[in-house]
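Pasted below: target.txt, compact mmCIF, C-alpha atoms and all ligand atoms.
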```txt
# COMPACT_ATOMS: atom_id res chain seq x y z
CA MET V 1201 2.82 4.82 26.14
CA GLN V 1202 5.51 5.81 28.62
CA LEU V 1203 7.22 2.47 28.83
CA LEU V 1204 10.62 3.57 27.62
CA PRO V 1205 11.56 5.71 30.61
CA CYS V 1206 10.65 2.83 32.88
CA TRP V 1207 13.30 0.48 31.64
CA SER V 1208 15.91 2.67 30.03
CA HIS V 1209 19.18 2.56 31.95
CA ARG V 1210 18.12 -0.46 33.91
CA GLY V 1211 20.06 -3.65 34.16
CA LEU V 1212 19.03 -7.26 33.94
CA LEU V 1213 16.91 -6.97 37.05
CA GLY V 1214 15.02 -4.09 35.51
CA ALA V 1215 14.52 -6.01 32.29
CA LEU V 1216 13.13 -8.97 34.20
CA THR V 1217 10.89 -6.68 36.20
CA ILE V 1218 9.59 -5.14 33.01
CA ALA V 1219 8.66 -8.60 31.83
CA LEU V 1220 6.54 -8.93 34.95
CA TYR V 1221 5.13 -5.43 35.14
CA SER V 1222 5.23 -4.23 31.56
CA SER V 1223 1.51 -3.66 31.40
CA VAL V 1224 1.58 -1.34 34.40
CA CYS V 1225 5.05 0.05 34.10
CA TYR V 1226 3.77 3.59 33.70
CA ALA V 1227 1.94 3.44 37.00
CA LEU V 1228 4.64 1.66 38.97
CA PRO V 1229 8.03 3.36 39.28
CA SER V 1230 10.53 1.11 37.56
CA SER V 1231 12.85 1.34 40.52
CA LEU V 1232 10.46 -0.52 42.77
CA SER V 1233 12.93 -3.31 42.16
CA ASP V 1234 16.08 -1.23 42.17
CA PRO V 1235 18.44 -2.50 44.88
CA LEU V 1236 20.29 0.82 44.88
CA THR V 1237 17.26 2.81 45.89
CA HIS V 1238 15.56 0.20 48.07
CA GLY V 1239 12.41 0.26 46.02
CA TYR V 1240 12.12 4.02 45.66
CA ASP V 1241 12.80 5.96 42.51
CA ARG V 1242 15.37 8.74 42.24
CA VAL V 1243 12.86 11.25 43.48
CA GLY V 1244 12.13 9.05 46.47
CA ARG V 1245 8.62 8.29 45.24
CA ALA V 1246 7.21 4.93 46.17
CA ASP V 1247 3.97 3.09 46.59
CA ALA V 1248 2.63 4.24 43.27
CA PRO V 1249 0.26 5.36 42.04
CA LEU V 1250 0.91 8.91 43.13
CA THR V 1251 -2.46 10.50 43.71
CA GLY V 1252 -1.77 13.93 45.14
CA TYR V 1253 0.69 16.64 46.07
CA LEU V 1254 1.76 18.06 49.43
CA GLY V 1255 2.93 21.66 49.40
CA ALA V 1256 4.90 23.35 52.20
CA PHE V 1257 5.15 27.13 52.02
CA PHE V 1258 5.51 30.21 54.15
CA LEU V 1259 3.07 33.07 53.67
CA GLY V 1260 3.86 36.74 53.06
CA ALA V 1261 3.95 38.14 56.55
CA ASP V 1262 3.99 34.82 58.37
CA PRO V 1263 7.30 32.95 58.67
CA TYR V 1264 5.91 29.54 59.59
CA VAL V 1265 5.36 26.31 57.68
CA TYR V 1266 1.91 25.99 56.08
CA PHE V 1267 0.72 22.79 54.42
CA TYR V 1268 -1.43 22.64 51.30
CA LEU V 1269 -2.93 19.52 49.73
CA SER V 1270 -3.91 19.14 46.08
CA ASN V 1271 -7.57 18.78 45.18
CA GLY V 1272 -7.42 15.30 43.75
CA ASN V 1273 -4.46 14.58 41.52
CA ASN V 1274 -4.35 18.14 40.23
CA ALA V 1275 -0.91 19.77 40.29
CA THR V 1276 -2.28 23.31 40.15
CA SER V 1277 -5.24 23.12 42.51
CA LEU V 1278 -4.47 23.36 46.23
CA THR V 1279 -6.38 23.66 49.50
CA ALA V 1280 -4.90 24.83 52.80
CA LEU V 1281 -4.60 22.21 55.53
CA ASN V 1282 -5.08 22.90 59.25
CA LYS V 1283 -7.72 25.54 58.44
CA GLY V 1284 -4.97 27.78 57.10
CA GLN V 1285 -3.02 27.77 60.36
CA PRO V 1286 0.69 26.83 60.48
CA VAL V 1287 1.62 23.17 60.85
CA ILE V 1288 5.08 24.09 62.17
CA ARG V 1289 6.08 27.11 64.25
CA PRO V 1290 9.78 27.33 65.11
CA THR V 1291 10.72 27.77 68.75
CA LYS V 1292 14.43 28.39 68.26
CA GLY V 1293 16.58 31.09 66.62
CA THR V 1294 14.59 33.98 65.20
CA LYS V 1295 11.39 31.94 65.76
CA GLY V 1296 10.61 32.48 62.12
CA VAL V 1297 11.16 30.11 59.18
CA ARG V 1298 11.11 30.94 55.49
CA ASP V 1299 11.64 28.80 52.39
CA PRO V 1300 10.56 25.41 53.84
CA ALA V 1301 11.81 22.51 51.70
CA ILE V 1302 10.56 18.95 52.08
CA VAL V 1303 13.50 16.56 51.68
CA GLN V 1304 12.89 12.95 50.70
CA GLY V 1305 14.74 10.30 52.62
CA GLY V 1306 17.33 8.45 50.56
CA GLY V 1307 19.21 5.18 50.88
CA ALA V 1308 18.06 3.27 53.96
CA GLU V 1309 15.75 6.20 54.82
CA ALA V 1310 13.86 6.13 51.50
CA GLY V 1311 10.15 6.00 52.22
CA LYS V 1312 10.82 6.01 55.97
CA LYS V 1313 12.05 9.48 56.71
CA TRP V 1314 11.42 12.99 55.46
CA TYR V 1315 12.95 16.25 56.57
CA ILE V 1316 11.87 19.85 56.32
CA VAL V 1317 14.70 22.35 56.24
CA GLY V 1318 14.26 26.12 56.16
CA THR V 1319 15.81 29.55 56.59
CA ASP V 1320 16.07 30.91 60.14
CA LEU V 1321 14.73 34.39 59.44
CA ASN V 1322 11.91 36.46 60.88
CA ILE V 1323 12.24 39.63 58.85
CA GLY V 1324 9.68 41.32 61.09
CA SER V 1325 12.29 41.49 63.86
CA THR V 1326 15.29 42.62 61.81
CA THR V 1327 16.19 44.47 58.60
CA TRP V 1328 17.23 43.08 55.21
CA ASP V 1329 20.66 44.67 55.67
CA ALA V 1330 21.27 43.14 59.12
CA ALA V 1331 19.83 39.83 57.93
CA GLN V 1332 22.58 39.60 55.31
CA ARG V 1333 25.46 40.78 57.50
CA THR V 1334 24.82 39.08 60.80
CA GLY V 1335 21.96 36.76 59.95
CA SER V 1336 21.61 33.19 61.13
CA ARG V 1337 24.30 30.75 59.99
CA GLY V 1338 22.11 27.82 60.87
CA ILE V 1339 19.32 25.93 59.15
CA PHE V 1340 16.10 24.77 60.72
CA VAL V 1341 15.48 21.02 60.55
CA TRP V 1342 12.37 19.02 61.39
CA GLU V 1343 11.86 15.34 60.67
CA SER V 1344 8.98 12.96 60.11
CA THR V 1345 8.40 9.28 59.52
CA ASP V 1346 4.99 9.77 57.88
CA LEU V 1347 4.87 13.34 56.47
CA VAL V 1348 2.06 14.04 58.97
CA THR V 1349 3.80 14.49 62.33
CA TRP V 1350 6.87 16.71 62.41
CA ALA V 1351 9.24 16.67 65.37
CA ASN V 1352 12.83 17.00 66.58
CA GLU V 1353 13.18 20.67 65.69
CA ARG V 1354 16.78 21.77 65.58
CA LEU V 1355 18.78 24.73 64.39
CA VAL V 1356 22.14 23.53 63.13
CA THR V 1357 25.01 25.85 62.22
CA VAL V 1358 26.31 24.91 58.78
CA GLU V 1359 28.35 27.92 57.74
CA ASP V 1360 31.65 29.56 58.67
CA ALA V 1361 31.79 32.65 60.91
CA THR V 1362 32.71 34.79 57.88
CA ALA V 1363 29.29 34.14 56.33
CA GLY V 1364 26.67 36.86 56.58
CA MET V 1365 23.68 34.55 56.31
CA VAL V 1366 22.44 31.12 55.29
CA TRP V 1367 19.43 31.36 53.00
CA ALA V 1368 16.98 28.91 51.48
CA PRO V 1369 18.58 25.58 52.42
CA GLU V 1370 17.51 22.51 50.50
CA ALA V 1371 18.87 18.98 50.26
CA ILE V 1372 18.96 16.08 47.88
CA TRP V 1373 19.98 12.48 48.37
CA ASP V 1374 23.21 11.91 46.44
CA PRO V 1375 23.30 8.19 45.59
CA THR V 1376 26.89 8.45 44.38
CA LYS V 1377 27.99 9.62 47.82
CA GLY V 1378 25.37 7.78 49.84
CA GLN V 1379 24.65 10.97 51.79
CA TYR V 1380 22.42 14.02 51.65
CA MET V 1381 23.86 17.00 49.85
CA VAL V 1382 22.58 20.13 51.60
CA PHE V 1383 22.93 23.49 49.85
CA TRP V 1384 22.12 27.14 50.55
CA ALA V 1385 23.18 30.70 49.67
CA SER V 1386 25.76 32.77 51.58
CA LYS V 1387 27.95 35.80 51.16
CA PHE V 1388 31.19 36.38 53.06
CA TYR V 1389 33.09 39.08 54.93
CA SER V 1390 36.82 39.23 55.42
CA ALA V 1391 38.05 37.35 58.48
CA SER V 1392 39.29 40.61 60.06
CA ASP V 1393 35.83 42.20 59.67
CA THR V 1394 34.36 40.27 62.57
CA ARG V 1395 31.31 42.53 62.83
CA HIS V 1396 30.63 42.25 59.11
CA THR V 1397 30.38 46.00 58.56
CA GLY V 1398 32.43 46.07 55.35
CA SER V 1399 31.80 44.96 51.79
CA PRO V 1400 30.91 41.30 51.33
CA THR V 1401 31.67 38.95 48.46
CA ASN V 1402 28.97 38.17 45.95
CA THR V 1403 26.38 35.64 47.08
CA ARG V 1404 27.09 32.07 46.03
CA ILE V 1405 25.69 28.61 46.60
CA ARG V 1406 27.41 26.54 49.26
CA TYR V 1407 26.99 22.88 50.16
CA ALA V 1408 27.82 20.27 52.78
CA TYR V 1409 27.07 16.59 53.23
CA THR V 1410 25.19 14.91 56.05
CA THR V 1411 23.69 11.56 56.88
CA ASP V 1412 21.46 12.72 59.73
CA PHE V 1413 20.91 16.49 59.44
CA ARG V 1414 22.73 16.89 62.75
CA THR V 1415 26.38 16.73 61.73
CA PHE V 1416 27.52 18.36 58.50
CA SER V 1417 30.80 18.30 56.60
CA SER V 1418 32.75 21.56 56.18
CA PRO V 1419 30.90 23.80 53.76
CA GLN V 1420 32.27 24.31 50.26
CA THR V 1421 31.26 26.41 47.28
CA TYR V 1422 28.99 24.74 44.72
CA ILE V 1423 27.94 27.56 42.36
CA ASN V 1424 29.78 30.86 42.11
CA LYS V 1425 28.88 33.15 39.22
CA SER V 1426 30.89 36.11 40.53
CA PRO V 1427 30.17 38.96 40.40
CA THR V 1428 26.55 37.83 40.00
CA ASP V 1429 24.65 36.98 43.19
CA ILE V 1430 22.91 33.59 43.13
CA ILE V 1431 20.32 32.40 45.68
CA ASP V 1432 17.39 29.96 45.93
CA LEU V 1433 18.87 26.88 44.29
CA THR V 1434 16.61 23.87 43.87
CA ILE V 1435 17.61 20.60 42.18
CA LEU V 1436 15.23 18.16 40.49
CA PRO V 1437 16.36 14.68 39.40
CA TYR V 1438 15.02 14.62 35.86
CA PRO V 1439 14.07 12.56 33.96
CA PRO V 1440 13.22 10.47 37.04
CA SER V 1441 14.43 7.22 35.45
CA THR V 1442 17.72 8.59 34.12
CA PRO V 1443 20.59 8.41 36.62
CA ASP V 1444 22.98 11.37 36.66
CA SER V 1445 20.46 13.68 34.96
CA PHE V 1446 19.36 16.75 36.88
CA LEU V 1447 17.77 20.14 36.44
CA ARG V 1448 18.75 22.97 38.74
CA PHE V 1449 16.76 26.17 39.01
CA MET V 1450 18.10 29.25 40.76
CA LYS V 1451 17.57 32.97 41.18
CA ASP V 1452 19.95 35.55 39.78
CA GLU V 1453 19.75 37.91 42.74
CA THR V 1454 21.53 40.63 40.75
CA ALA V 1455 19.10 40.65 37.79
CA LYS V 1456 16.13 39.31 39.83
CA THR V 1457 15.43 36.48 37.41
CA VAL V 1458 15.06 32.69 37.58
CA PHE V 1459 16.80 30.38 35.13
CA VAL V 1460 17.49 26.66 34.71
CA GLU V 1461 20.61 24.60 34.03
CA SER V 1462 20.77 20.89 33.18
CA SER V 1463 23.32 18.12 33.67
CA THR V 1464 23.47 14.56 32.36
CA THR V 1465 26.74 13.93 34.18
CA GLY V 1466 25.73 14.15 37.81
CA LEU V 1467 25.49 16.81 40.51
CA PHE V 1468 29.16 17.73 40.01
CA GLY V 1469 29.19 17.21 36.24
CA THR V 1470 28.86 19.70 33.42
CA TRP V 1471 25.91 22.06 33.69
CA THR V 1472 24.45 23.77 30.63
CA ARG V 1473 22.35 26.92 30.56
CA GLN V 1474 20.33 26.62 27.38
CA GLY V 1475 20.01 29.95 25.59
CA GLY V 1476 23.21 31.36 27.08
CA ALA V 1477 24.24 33.39 30.09
CA SER V 1478 21.36 35.86 29.94
CA ALA V 1479 18.55 33.43 29.10
CA VAL V 1480 15.90 33.23 31.81
CA ILE V 1481 12.53 31.65 32.48
CA GLU V 1482 10.98 34.67 34.17
CA LYS V 1483 11.84 38.09 35.58
CA GLY V 1484 10.90 39.56 38.93
CA VAL V 1485 10.61 36.17 40.59
CA GLU V 1486 12.46 34.01 43.11
CA GLY V 1487 12.21 30.79 45.12
CA PRO V 1488 11.75 28.28 42.28
CA ALA V 1489 10.13 24.98 43.33
CA ALA V 1490 10.05 22.16 40.76
CA TYR V 1491 8.19 18.85 40.71
CA VAL V 1492 7.29 16.20 38.18
CA ASP V 1493 3.63 15.85 37.23
CA ASN V 1494 2.06 12.70 38.71
CA LEU V 1495 0.07 11.88 35.60
CA ASP V 1496 2.57 12.96 32.95
CA PRO V 1497 6.19 12.16 33.85
CA GLY V 1498 7.22 14.15 30.77
CA LYS V 1499 5.95 17.35 32.34
CA VAL V 1500 7.74 19.44 34.96
CA ARG V 1501 5.82 21.87 37.15
CA LEU V 1502 7.61 24.99 38.34
CA LEU V 1503 6.45 27.48 40.94
CA LEU V 1504 7.86 30.99 40.70
CA ASP V 1505 7.45 33.42 43.58
CA PHE V 1506 6.37 36.89 42.45
CA TYR V 1507 7.78 38.30 45.66
CA GLY V 1508 6.64 41.82 44.83
CA GLY V 1509 3.12 40.62 44.05
CA ASP V 1510 0.87 37.66 44.73
CA GLY V 1511 3.54 35.04 45.52
CA TYR V 1512 3.80 31.69 43.79
CA ARG V 1513 2.38 31.16 40.33
CA PRO V 1514 2.52 27.75 38.60
CA TYR V 1515 4.30 27.12 35.28
CA GLU V 1516 4.69 23.95 33.26
CA SER V 1517 6.95 22.59 30.53
CA LYS V 1518 7.64 19.43 28.60
CA SER V 1519 11.08 20.83 27.74
CA PRO V 1520 12.08 21.89 31.23
CA ALA V 1521 15.76 22.52 30.44
CA VAL V 1522 14.73 25.40 28.20
CA ASN V 1523 15.08 28.98 29.40
CA GLY V 1524 12.23 30.98 27.99
CA GLN V 1525 8.49 30.95 27.53
CA GLY V 1526 6.22 30.18 24.63
CA SER V 1527 6.48 27.32 22.19
CA GLY V 1528 9.14 24.85 23.22
CA GLY V 1529 9.60 26.45 26.64
CA TRP V 1530 7.57 27.23 29.72
CA THR V 1531 3.96 28.30 29.91
CA ALA V 1532 2.01 29.81 32.77
CA SER V 1533 -0.56 27.30 34.09
CA GLY V 1534 -4.16 28.18 34.82
CA ARG V 1535 -4.62 29.63 38.30
CA GLY V 1536 -8.30 28.91 38.80
CA GLY V 1537 -7.49 26.53 41.65
CA TRP V 1538 -4.30 28.19 42.79
CA PRO V 1539 -4.24 30.08 46.11
CA SER V 1540 -2.52 33.46 46.14
CA GLY V 1541 0.06 34.55 48.68
CA LEU V 1542 2.07 31.31 48.83
CA ARG V 1543 5.75 32.08 49.21
CA HIS V 1544 8.95 30.11 48.56
CA GLY V 1545 8.52 26.47 49.57
CA SER V 1546 8.31 23.07 47.93
CA VAL V 1547 5.88 20.47 46.58
CA LEU V 1548 6.09 16.71 47.02
CA PRO V 1549 4.17 14.09 45.00
CA ILE V 1550 2.44 11.68 47.44
CA ASN V 1551 0.40 8.49 47.35
CA GLN V 1552 -3.14 7.91 48.61
CA ALA V 1553 -2.09 6.61 52.04
CA VAL V 1554 -0.30 9.89 52.71
CA VAL V 1555 -3.18 11.92 51.26
CA ASP V 1556 -5.60 10.16 53.61
CA ALA V 1557 -3.31 10.53 56.64
CA LEU V 1558 -2.76 14.23 55.98
CA LYS V 1559 -6.52 14.82 55.62
CA LYS V 1560 -7.21 12.90 58.81
CA ARG V 1561 -4.71 14.86 60.88
CA TRP V 1562 -4.69 18.31 59.26
CA GLY V 1563 -7.80 18.44 57.06
C1 LIG T 1 -7.21 21.46 37.97
O1 LIG T 1 -7.96 22.43 38.65
C2 LIG T 1 -8.22 23.60 37.91
C3 LIG T 1 -8.90 24.59 38.83
O2 LIG T 1 -10.02 24.03 39.45
C4 LIG T 1 -9.04 23.25 36.69
O3 LIG T 1 -9.26 24.42 35.92
C5 LIG T 1 -8.31 22.21 35.87
O4 LIG T 1 -9.10 21.80 34.80
C6 LIG T 1 -7.96 21.02 36.73
N1 LIG T 1 -7.14 20.10 35.95
C7 LIG T 1 -7.44 18.83 35.85
C8 LIG T 1 -6.49 18.01 35.03
O5 LIG T 1 -8.42 18.33 36.38
```

Step by step, read the file and then write its structure as structure tokens.
Amino acid sequence: MQLLPCWSHRGLLGALTIALYSSVCYALPSSLSDPLTHGYDRVGRADAPLTGYLGAFFLGADPYVYFYLSNGNNATSLTALNKGQPVIRPTKGTKGVRDPAIVQGGGAEAGKKWYIVGTDLNIGSTTWDAAQRTGSRGIFVWESTDLVTWANERLVTVEDATAGMVWAPEAIWDPTKGQYMVFWASKFYSASDTRHTGSPTNTRIRYAYTTDFRTFSSPQTYINKSPTDIIDLTILPYPPSTPDSFLRFMKDETAKTVFVESSTTGLFGTWTRQGGASAVIEKGVEGPAAYVDNLDPGKVRLLLDFYGGDGYRPYESKSPAVNGQGSGGWTASGRGGWPSGLRHGSVLPINQAVVDALKKRWG
């Protein structure tokens, strides 16, 4: 039984709710009654049971947003929607988007609003060097009220003029702050080097807060492991029913590895890298995307992008704060139902109403 996670850390209201729902607690997120999250759990999941997964990715040579839907409630079996054609094509900036991340609405927007944010980069029309010196300092944003129709494209500058680029933006609702925390990777040039021809700083993770993905607070540094370059941060609230507990996966862009850190003291608490400073989950990968299994809330799914090879491959773990593979760590999942060529994106657990609506519109 998985009852414990449902009512741990809950107050009197939760205890009363358990009395009512105890027999189905596993299927219904405990926070259906949580006044802080307006009926949605920390991951923004509502209307249980969750019966599928929506994936948003870009493909190798194609910097657009592609949607994939799980085959049934199978976390490692996906089918392309829209006959394999993009669901979103940017019209602004470089007209190319990489690293699409689906952001769950939080607070009053929980279950009512979703955003997709992504990197403004069409590498086919630039070089990797130019993209990191004078690349876009904005993030693409689209929004939806149903996960099916995406509108209100915008390209919003989030970074200072000294930044060389803004890569792989993602966002998470921060209930402590009551705002979305948006984060991305940048490196910086000296203020006098206005053309960014000199030597930059290392690449670090930056963040800003927003309530509407239109206006952002001044960016600040979130993770700086100087001299190591860090990119591709993703944060997963985990376990879902434990406030202040998070996993964060990121790429060491110097060593070309992906590793995980965990916190039980909030987004700005103490983060621990199990196994030490050189412990990693996998080498030669980037763009981690993490999601909780719909059928087993004790299992975390992790996609790792073999950028020099066939793109995303799925991994799984019941001890997701562990760096390393094999017993007690991560294992590669079967890829019999896994499409090749998916690049850095994100996966969202969804309910049957969304599954049906996505199939109707994009199937
Ligand atoms: C998910 O799909 C894969 C590929 O078709 C299959 O091998 C696997 O058994 C499925 N898992 C479940 C739980 O049905």

Leaving out segment 1254-1267 of chain V and any residue of its chain fewer than 6 positions from it, which residues lie within 8 Å of it when counting all atoms listed in the file, given as a ChimeraX atom specification? /V:1280-1282,1284-1290,1296-1302,1321-1322,1324,1511,1541-1550

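Counting all atoms listed in the file, the residue from V:Gln1332, V:Thr1403, V:Thr1294, V:Thr1415 that sits nearest to Val1358 of chain V is V:Thr1415.
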
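You can rank V:Lys1425, V:Gly1469, V:Arg1561, V:Pro1497 by their closest distance to Thr1454 of chain V using all atoms listed in the file, and at the top of that list sits V:Lys1425.
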
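The nearest approach to ligand LIG 1 (chain T) among the residues V:Gly1498, V:Pro1514, V:Gly1272, V:Gly1537, with only C-alpha atoms and all ligand atoms taken into account, belongs to V:Gly1537.
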
Which residue out of V:Val1317, V:Ala1371, V:Ala1275, V:Ala1351 has the minimum interatomic distance to ligand LIG 1 (chain T) when only C-alpha atoms and all ligand atoms are used?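 Smallest distance to ligand LIG 1 (chain T) is found for V:Ala1275.
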
Report, in Å with one decimal, the straight-line distance from atom CA of Leu1558 of chain V to atom CA of Asn1352 of chain V.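 Answer for the atom CA of Leu1558 of chain V to atom CA of Asn1352 of chain V separation: 19.1 Å.
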
Taking (21.7, 17.8, 56.8) as a centre in this file's frame and 7 Å as the limit, can you find every polymer residue with an atom that close, using all atoms listed in the file, and give them as a PyMOL selection string? chain V and resi 1380+1382+1409-1416

Distance criterion (only C-alpha atoms and all ligand atoms): nearest to ligand LIG 1 (chain T) out of V:Ala1455, V:Ala1532, V:Leu1250, V:Leu1495: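 Ranked by minimum distance to ligand LIG 1 (chain T), first place goes to V:Leu1495.
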
If we count all atoms listed in the file and set the cut-off at 9 Å, which residues sit around segment 1396-1400 of chain V, ignoring sequence neighbours fewer than 3 positions away in its own chain? Please answer as a compact mmCIF listing (two decimals) with C-alpha atoms, in the coordinates of the input.
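Everything below was put into around.txt:
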```
# COMPACT_ATOMS: atom_id res chain seq x y z
CA ARG V 1333 25.46 40.78 57.50
CA THR V 1334 24.82 39.08 60.80
CA THR V 1362 32.71 34.79 57.88
CA ALA V 1363 29.29 34.14 56.33
CA GLY V 1364 26.67 36.86 56.58
CA LYS V 1387 27.95 35.80 51.16
CA PHE V 1388 31.19 36.38 53.06
CA TYR V 1389 33.09 39.08 54.93
CA SER V 1390 36.82 39.23 55.42
CA ALA V 1391 38.05 37.35 58.48
CA SER V 1392 39.29 40.61 60.06
CA ASP V 1393 35.83 42.20 59.67
CA THR V 1403 26.38 35.64 47.08
```
